[in-house]
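Source file: input_39.txt; contents: compact mmCIF, C-alpha atoms.
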```
# COMPACT_ATOMS: atom_id res chain seq x y z
CA MET A 1 151.74 66.85 -2.36
CA GLY A 2 148.60 66.65 -0.27
CA LEU A 3 145.04 66.29 -1.45
CA LEU A 4 144.22 69.95 -0.89
CA ASP A 5 147.34 71.43 -2.48
CA GLY A 6 147.19 69.78 -5.86
CA GLY A 7 146.70 66.09 -5.16
CA ALA A 8 142.94 66.07 -5.69
CA ALA A 9 143.27 68.27 -8.77
CA ALA A 10 145.85 65.94 -10.31
CA LEU A 11 143.83 62.86 -9.42
CA PHE A 12 140.56 64.11 -10.91
CA SER A 13 142.39 65.45 -13.93
CA GLU A 14 143.82 61.97 -14.52
CA ILE A 15 140.48 60.23 -13.98
CA LEU A 16 138.29 62.63 -15.96
CA SER A 17 140.60 63.77 -18.75
CA PRO A 18 139.59 60.88 -21.03
CA LEU A 19 135.94 61.85 -20.59
CA TYR A 20 136.08 65.63 -20.80
CA LEU A 21 135.99 67.57 -24.04
CA PRO A 22 138.61 69.90 -25.50
CA ALA A 23 137.72 73.54 -24.97
CA THR A 24 139.23 76.99 -25.25
CA VAL A 25 138.97 79.71 -22.65
CA PHE A 26 139.34 83.25 -23.97
CA ALA A 27 140.69 85.18 -21.02
CA VAL A 28 139.50 88.71 -21.58
CA THR A 29 141.13 91.60 -19.77
CA THR A 30 140.42 95.26 -20.30
CA THR A 31 143.07 97.87 -19.63
CA HIS A 32 143.03 101.62 -20.10
CA ASN A 33 145.72 103.75 -21.69
CA ASP A 34 146.90 107.14 -20.42
CA ARG A 35 143.92 108.86 -22.00
CA GLY A 36 141.50 106.44 -20.41
CA ASP A 37 140.66 104.59 -23.59
CA PRO A 38 139.83 100.95 -22.95
CA ARG A 39 141.90 98.26 -24.59
CA ARG A 40 140.64 94.69 -24.71
CA THR A 41 143.19 91.88 -24.60
CA ILE A 42 142.24 88.27 -25.24
CA VAL A 43 144.48 85.32 -24.36
CA GLU A 44 143.44 81.87 -25.59
CA ARG A 45 144.01 78.94 -23.27
CA GLY A 46 143.24 75.31 -23.97
CA CYS A 47 141.58 73.13 -21.35
CA LEU A 48 139.21 70.21 -20.85
CA ALA A 49 135.60 70.97 -19.98
CA GLN A 50 132.09 69.63 -19.73
CA VAL A 51 128.89 71.62 -20.22
CA ASP A 52 126.18 70.71 -17.74
CA GLY A 53 122.81 71.94 -16.56
CA ALA A 54 122.77 75.12 -14.50
CA THR A 55 123.05 74.58 -10.77
CA GLN A 56 120.49 75.79 -8.25
CA THR A 57 122.83 78.59 -7.24
CA MET A 58 123.08 79.70 -10.85
CA ARG A 59 119.30 79.64 -11.19
CA SER A 60 119.13 82.06 -8.29
CA ALA A 61 121.15 84.66 -10.19
CA PRO A 62 118.98 87.73 -10.92
CA ASP A 63 119.80 87.67 -14.63
CA PHE A 64 119.45 83.89 -15.05
CA ALA A 65 118.06 82.77 -18.40
CA VAL A 66 116.76 79.32 -19.25
CA THR A 67 119.46 78.98 -21.90
CA ASP A 68 122.23 79.42 -19.32
CA ARG A 69 124.40 76.41 -18.64
CA ALA A 70 127.13 75.37 -16.25
CA VAL A 71 130.61 74.42 -17.30
CA TYR A 72 133.04 72.28 -15.35
CA ILE A 73 136.66 72.94 -16.29
CA LEU A 74 139.38 70.62 -15.00
CA ALA A 75 141.61 73.02 -13.11
CA ASP A 76 144.78 71.08 -13.85
CA THR A 77 144.19 71.50 -17.58
CA LEU A 78 143.75 75.26 -17.47
CA GLU A 79 146.56 77.74 -17.08
CA GLY A 80 145.38 80.71 -15.07
CA GLY A 81 141.94 81.16 -13.59
CA MET A 82 138.41 81.96 -14.60
CA ALA A 83 136.70 85.31 -14.21
CA GLU A 84 133.51 86.98 -15.19
CA GLY A 85 133.70 88.18 -18.78
CA HIS A 86 135.93 85.34 -19.99
CA GLU A 87 134.56 83.37 -22.88
CA VAL A 88 134.43 79.63 -23.44
CA VAL A 89 134.07 77.42 -26.50
CA VAL A 90 133.76 73.66 -26.10
CA HIS A 91 134.87 72.02 -29.34
CA LYS A 92 132.99 68.73 -29.19
CA GLY A 93 129.69 67.40 -27.90
CA PRO A 94 126.18 68.87 -28.06
CA TYR A 95 127.36 72.45 -27.57
CA ALA A 96 130.33 72.25 -29.93
CA GLY A 97 131.30 75.62 -31.33
CA THR A 98 129.00 77.73 -29.17
CA ARG A 99 130.84 80.73 -27.77
CA TRP A 100 129.64 81.38 -24.26
CA LYS A 101 130.33 84.24 -21.94
CA VAL A 102 131.21 83.45 -18.33
CA ALA A 103 129.01 85.05 -15.69
CA ASP A 104 128.71 84.84 -11.93
CA PRO A 105 128.59 82.62 -9.98
CA ILE A 106 132.07 81.22 -10.51
CA GLY A 107 132.94 78.50 -8.04
CA ARG A 108 135.69 76.18 -7.02
CA ASP A 109 135.89 73.08 -4.83
CA PRO A 110 138.05 72.64 -1.71
CA GLY A 111 140.53 70.43 -3.58
CA ALA A 112 140.81 72.93 -6.46
CA ALA A 113 139.98 70.16 -8.93
CA TYR A 114 137.62 72.22 -11.07
CA TRP A 115 136.19 75.57 -11.98
CA LEU A 116 132.40 75.70 -12.09
CA CYS A 117 131.07 78.70 -14.01
CA ARG A 118 127.77 79.89 -15.36
CA LEU A 119 127.70 80.18 -19.13
CA VAL A 120 125.54 82.80 -20.76
CA LEU A 121 124.48 82.76 -24.41
CA GLY A 122 124.40 85.61 -26.83
CA LYS A 123 126.48 88.10 -24.94
CA ALA A 124 129.89 87.04 -26.11
CA VAL A 125 131.70 89.59 -28.28
CA MET B 1 175.49 30.93 -21.63
CA ALA B 2 176.60 33.16 -18.78
CA TYR B 3 174.33 35.17 -16.54
CA THR B 4 173.99 38.78 -17.67
CA GLU B 5 173.73 41.29 -14.85
CA PRO B 6 171.05 43.87 -15.63
CA THR B 7 172.27 47.46 -15.72
CA PRO B 8 170.42 50.65 -14.83
CA ALA B 9 170.06 51.32 -18.57
CA TYR B 10 168.42 47.91 -19.02
CA LEU B 11 165.98 48.63 -16.18
CA LYS B 12 165.12 52.06 -17.61
CA ALA B 13 164.55 50.59 -21.06
CA ARG B 14 162.25 47.94 -19.64
CA TYR B 15 160.44 50.22 -17.18
CA PRO B 16 160.36 53.87 -18.35
CA ALA B 17 158.74 54.93 -15.07
CA PHE B 18 162.27 54.92 -13.65
CA ALA B 19 163.85 56.96 -16.44
CA ASP B 20 164.37 59.92 -14.11
CA VAL B 21 165.85 57.90 -11.25
CA ALA B 22 169.61 58.22 -10.74
CA ASP B 23 171.66 55.30 -12.03
CA ALA B 24 173.36 54.95 -8.66
CA THR B 25 169.98 54.43 -6.99
CA LEU B 26 168.94 51.87 -9.60
CA GLN B 27 172.23 50.02 -9.13
CA VAL B 28 171.71 49.77 -5.38
CA TYR B 29 168.29 48.21 -5.84
CA LEU B 30 169.58 45.90 -8.58
CA ASP B 31 172.37 44.78 -6.25
CA ASP B 32 169.83 44.15 -3.49
CA THR B 33 168.04 41.62 -5.67
CA ALA B 34 170.93 39.19 -5.16
CA ALA B 35 169.06 37.98 -2.09
CA SER B 36 166.07 36.95 -4.24
CA VAL B 37 167.50 36.11 -7.65
CA ASP B 38 170.63 34.01 -7.83
CA GLY B 39 172.39 31.42 -9.93
CA SER B 40 169.62 28.90 -9.35
CA TRP B 41 167.38 30.86 -11.74
CA PRO B 42 167.18 30.00 -15.44
CA GLU B 43 169.56 32.24 -17.36
CA ASN B 44 166.88 33.57 -19.69
CA LEU B 45 164.78 34.86 -16.77
CA TYR B 46 167.64 36.13 -14.61
CA ALA B 47 167.97 39.73 -15.82
CA MET B 48 164.21 40.18 -16.20
CA ALA B 49 163.61 38.91 -12.68
CA LYS B 50 166.26 41.16 -11.15
CA ALA B 51 164.90 44.21 -12.97
CA ALA B 52 161.31 43.42 -11.95
CA LYS B 53 162.27 42.84 -8.31
CA ALA B 54 164.31 46.04 -8.15
CA ALA B 55 161.46 47.99 -9.78
CA HIS B 56 158.96 46.53 -7.31
CA GLU B 57 161.04 47.53 -4.32
CA MET B 58 161.50 51.06 -5.65
CA ALA B 59 157.83 51.47 -6.58
CA SER B 60 156.84 50.31 -3.09
CA LEU B 61 158.87 53.19 -1.69
CA GLY B 62 157.43 55.71 -4.12
CA ILE B 63 160.59 55.94 -6.23
CA GLY B 64 159.92 56.52 -9.93
CA THR B 65 156.83 57.92 -11.54
CA ARG B 66 153.38 56.45 -11.22
CA SER B 67 149.86 57.59 -11.92
CA GLU B 68 148.02 59.71 -9.38
CA ALA B 69 145.46 56.95 -8.87
CA GLU B 70 148.20 54.37 -8.23
CA GLY B 71 149.87 56.69 -5.75
CA TRP B 72 146.73 57.37 -3.74
CA ALA B 73 145.69 53.72 -3.87
CA ALA B 74 149.09 52.78 -2.45
CA ALA B 75 148.44 55.29 0.33
CA GLY B 76 145.19 53.46 1.13
CA LEU B 77 142.74 56.02 -0.25
CA THR B 78 139.43 54.35 -1.14
CA ARG B 79 137.15 57.34 -1.67
CA ILE B 80 137.59 61.03 -2.31
CA LYS B 81 135.07 63.84 -2.66
CA THR B 82 135.79 67.47 -3.38
CA GLY B 83 132.86 69.72 -4.17
CA ASN B 84 130.73 67.97 -6.80
CA PHE B 85 133.51 65.57 -7.80
CA GLU B 86 133.66 62.18 -6.16
CA ALA B 87 135.68 59.05 -6.93
CA ALA B 88 135.82 55.65 -5.28
CA PHE B 89 138.42 52.96 -5.77
CA SER B 90 137.96 49.23 -5.49
CA ASP B 91 138.56 48.22 -1.88
CA ALA B 92 140.25 45.03 -3.02
CA LYS B 93 142.60 46.88 -5.35
CA VAL B 94 143.49 49.43 -2.68
CA ALA B 95 144.12 46.65 -0.17
CA ARG B 96 146.46 45.01 -2.68
CA ALA B 97 148.16 48.28 -3.62
CA SER B 98 148.74 49.27 -0.01
CA GLY B 99 149.60 45.78 1.23
CA GLY B 100 153.29 45.84 0.35
CA THR B 101 153.22 42.35 -1.15
CA LEU B 102 154.32 41.44 -4.67
CA ASP B 103 150.71 42.07 -5.73
CA SER B 104 150.97 45.72 -4.77
CA THR B 105 152.87 46.88 -7.87
CA PRO B 106 152.81 45.83 -11.53
CA TYR B 107 156.52 45.04 -11.25
CA GLY B 108 155.86 42.75 -8.31
CA LEU B 109 153.26 40.91 -10.37
CA ILE B 110 155.79 40.48 -13.17
CA PHE B 111 158.36 39.17 -10.69
CA LYS B 112 155.76 36.81 -9.27
CA ARG B 113 155.04 35.46 -12.74
CA LEU B 114 158.75 34.96 -13.42
CA LEU B 115 159.19 33.35 -10.02
CA ARG B 116 156.42 30.91 -10.85
CA LYS B 117 158.11 30.09 -14.15
CA ALA B 118 161.50 29.64 -12.55
CA LYS B 119 160.63 27.94 -9.32
CA GLY B 120 157.01 26.90 -9.29
CA GLY B 121 154.81 24.55 -11.18
CA PRO B 122 154.38 20.81 -10.90
CA ARG B 123 157.49 18.70 -10.46
CA VAL B 124 157.79 15.56 -12.54
CA VAL B 125 159.48 12.75 -10.75
CA GLY B 126 160.50 9.42 -12.17
CA ALA B 127 158.46 6.37 -11.19
CA ARG B 128 158.61 2.79 -12.24
CA GLY B 129 155.38 1.77 -13.83
CA SER B 130 153.83 -1.50 -12.89
CA GLY B 131 150.84 -3.33 -14.22
CA CYS B 132 148.11 -4.92 -12.19
CA GLY B 133 148.43 -8.53 -11.39
CA TRP B 134 150.16 -10.74 -8.91
CA GLY B 135 153.10 -9.15 -7.23
CA PRO B 136 156.03 -11.24 -6.29
CA THR B 137 156.62 -9.67 -2.89
CA ALA B 138 153.18 -9.02 -1.46
CA GLN B 139 152.41 -12.09 0.44
CA GLN B 140 149.86 -13.08 2.99
CA ASN B 141 150.99 -14.32 6.32
CA ASP B 142 150.27 -17.80 5.18
CA GLY B 143 152.48 -17.31 2.21
CA GLY B 144 149.68 -16.65 -0.29
CA VAL B 145 150.27 -13.95 -2.92
CA LEU B 146 148.12 -10.79 -2.88
CA PRO B 147 147.19 -8.86 -6.04
CA TRP B 148 148.65 -5.37 -6.70
CA VAL B 149 146.37 -2.52 -5.78
CA CYS B 150 145.98 -0.25 -8.82
```

Represent the structure contained in this file as C-alpha cells.
Amino acid sequence: MGLLDGGAAALFSEILSPLYLPATVFAVTTTHNDRGDPRRTIVERGCLAQVDGATQTMRSAPDFAVTDRAVYILADTLEGGMAEGHEVVVHKGPYAGTRWKVADPIGRDPGAAYWLCRLVLGKAV
Amino acid sequence: MAYTEPTPAYLKARYPAFADVADATLQVYLDDTAASVDGSWPENLYAMAKAAKAAHEMASLGIGTRSEAEGWAAAGLTRIKTGNFEAAFSDAKVARASGGTLDSTPYGLIFKRLLRKAKGGPRVVGARGSGCGWGPTAQQNDGGVLPWVC
C-alpha cells in the first residue's frame, strides 16, 4: 500500500483517532418513485471528526454565514463519502449535539486522509 | 531442567502481532535462532530469547502486523504532508527503526535485554586479598624489602 492509495489515510487515522471526536454522518439521498414523488432516505454512519473554523475558500462561498464552520472527517473512519445535503452531528466537544448540514465546498486531500466540508447551521431537516 | 524449544503457539501467545502468520513460517524463524541462542544460555531465558529473536527477524522483514507509524518509520519516512494534515517523526527514532539493528524493533530490544542478562554484565573473578605491609618477595636489588603498593 502506497501513501496515495490508502497509506496516508491509514497513518493519519492512526495518529489522529485518539484526538478526534465521535460523530455521525447522516447520508441523505433523495429518490423519486414512478409518479415522480420524492423519497428521502437517510443512512447513519459513524466516524471521527473535528469541527474547525471555516477556511478562506468556504468564506468565499456566496451563501457563507458567520456561523458556518468546517469539519474534518478522518476518511478511514467513514464508510462512503460526503456530499452536499448530508448532515453531521459531532457528539462531544464545544459543538456537541448540533446537527449541521453539509454545504459546498467539500474537499479532499491528495492522500485521501480526510474530508473537509463546510457546515451550515439551521438548515438541517 | 531441560531446555524447552519454543513453539509457534508460544511465540503467538507472547507476541500477538504474529497471530496471523503461518505456523510453518514461525517455525522456520524459530529454527534460525539456533545460530544466536544455544545451550550456553540460561534455561529460563532460552525460550524467551528464541521467540524474541525470531520475532525481531520477522518484524524486520515486515512479517506480522504493526502499526502504520511503525511501518512508515521502518521505511525511513520522517515527514508527511497531505493537504492540511502534516506529521513528522523523530529523526532518531526513524533512524533506529530503519537501521536494521536490534534497536529497530521492540522484539529486538527485548532480545537485547535478554542477551545482556544472559551474556553481559560485570564478571566477578576470584582474587586473593592482601593487606598492605612488607611483602616477602618484593625486594630491592640490594636485598632490601619494599612495601606493597595498595

Enumerate, as a PDB file with C-alpha atoms, in the frame of the given file, the protein, DNA and RNA residues whose atoms approach (140.2, 59.6, -10.9) to within 8 Å, taking into account only C-alpha atoms and the coordinate frame of the file.
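Resulting contents of out.pdb:
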```pdb
ATOM      1  CA  LEU A  11     143.830  62.860  -9.420  1.00  0.00           C
ATOM      2  CA  PHE A  12     140.560  64.110 -10.910  1.00  0.00           C
ATOM      3  CA  SER A  13     142.390  65.450 -13.930  1.00  0.00           C
ATOM      4  CA  GLU A  14     143.820  61.970 -14.520  1.00  0.00           C
ATOM      5  CA  ILE A  15     140.480  60.230 -13.980  1.00  0.00           C
ATOM      6  CA  LEU A  16     138.290  62.630 -15.960  1.00  0.00           C
TER       7      LEU A  16
ATOM      8  CA  GLU B  68     148.020  59.710  -9.380  1.00  0.00           C
ATOM      9  CA  ALA B  69     145.460  56.950  -8.870  1.00  0.00           C
ATOM     10  CA  ALA B  87     135.680  59.050  -6.930  1.00  0.00           C
TER      11      ALA B  87
END
```

Chain B residues within 8 Å of chain A, counting all atoms listed in the file: which ones, as a PyMOL selection string?
-> chain B and resi 67-69+82-85

Looking at A:Pro105, A:Gly2, A:Pro94, A:Pro18, which one is nearest to A:Pro62, with distances taken over only C-alpha atoms?
-> A:Pro105

So that I can see what lies close to stretch 57-63 of chain B, please list as a compact mmCIF listing (two decimals) with C-alpha atoms, in the frame of the given file the residues with an atom at most 7 Å from it, counting only C-alpha atoms and leaving out residues fewer than 2 positions away in the same chain.
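Okay, part.txt is ready:
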```
# COMPACT_ATOMS: atom_id res chain seq x y z
CA LYS B 53 162.27 42.84 -8.31
CA ALA B 54 164.31 46.04 -8.15
CA ALA B 55 161.46 47.99 -9.78
CA THR B 65 156.83 57.92 -11.54
CA GLY B 100 153.29 45.84 0.35
CA THR B 105 152.87 46.88 -7.87
```

Check the smallest atom-to-atom distance from each of A:Ile42, A:Thr98, A:Ile73, A:Val51 to A:Thr30 using all atoms listed in the file, then report the winner.
-> A:Ile42

For B:Arg113, which residue among B:Leu77, B:Ala88, B:Met48, B:Ala95 is the nearest when counting all atoms listed in the file?
->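 Comparing B:Leu77, B:Ala88, B:Met48, B:Ala95 against B:Arg113, the winner is B:Met48.
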
Interatomic distance (Å, one decimal) between atom CA of B:Ala22 and atom CA of B:Leu109 =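 Distance between the two atoms: 23.8 Å.
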
Do you know which residues are at most 6 Å from stretch 19-23 of chain A counting only C-alpha atoms, after dropping those on the same chain fewer than 3 positions away, and could you put them as an NGL selection string?
-> :A and (16 or 46-50 or 89-91)

Would you kindly return, as a ChimeraX atom specification, each protein, DNA or RNA residue with an atom no farther than 9 Å from any atom of stretch 31-40 of chain B, considering all atoms listed in the file and excluding same-chain residues fewer than 6 positions away?
-> /B:3,46-47,49-51,53-54,118

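Straight-line separation from atom CA of A:Thr24 to atom CA of A:Gln56: 25.3 Å.
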
Would you work out the distance separating atom CA of A:Ala96 from atom CA of A:Gly53, expressed in Å to one decimal?
-> 15.3 Å

Name the residues within 12 Å of (129.8, 90.2, -23.4), counting only C-alpha atoms in the file's coordinates, and put them as a PDB file with C-alpha atoms, keeping the file's coordinate frame.
```pdb
ATOM      1  CA  PHE A  26     139.340  83.250 -23.970  1.00  0.00           C
ATOM      2  CA  VAL A  28     139.500  88.710 -21.580  1.00  0.00           C
ATOM      3  CA  THR A  29     141.130  91.600 -19.770  1.00  0.00           C
ATOM      4  CA  ARG A  40     140.640  94.690 -24.710  1.00  0.00           C
ATOM      5  CA  GLU A  84     133.510  86.980 -15.190  1.00  0.00           C
ATOM      6  CA  GLY A  85     133.700  88.180 -18.780  1.00  0.00           C
ATOM      7  CA  HIS A  86     135.930  85.340 -19.990  1.00  0.00           C
ATOM      8  CA  GLU A  87     134.560  83.370 -22.880  1.00  0.00           C
ATOM      9  CA  VAL A  88     134.430  79.630 -23.440  1.00  0.00           C
ATOM     10  CA  ARG A  99     130.840  80.730 -27.770  1.00  0.00           C
ATOM     11  CA  TRP A 100     129.640  81.380 -24.260  1.00  0.00           C
ATOM     12  CA  LYS A 101     130.330  84.240 -21.940  1.00  0.00           C
ATOM     13  CA  VAL A 102     131.210  83.450 -18.330  1.00  0.00           C
ATOM     14  CA  ALA A 103     129.010  85.050 -15.690  1.00  0.00           C
ATOM     15  CA  LEU A 119     127.700  80.180 -19.130  1.00  0.00           C
ATOM     16  CA  VAL A 120     125.540  82.800 -20.760  1.00  0.00           C
ATOM     17  CA  LEU A 121     124.480  82.760 -24.410  1.00  0.00           C
ATOM     18  CA  GLY A 122     124.400  85.610 -26.830  1.00  0.00           C
ATOM     19  CA  LYS A 123     126.480  88.100 -24.940  1.00  0.00           C
ATOM     20  CA  ALA A 124     129.890  87.040 -26.110  1.00  0.00           C
ATOM     21  CA  VAL A 125     131.700  89.590 -28.280  1.00  0.00           C
TER      22      VAL A 125
END
```

Looking at all atoms listed in the file, which of A:Glu44, A:Asp104, A:Gly97, A:Thr31 is the one that sits closest to A:Ala61?
-> A:Asp104
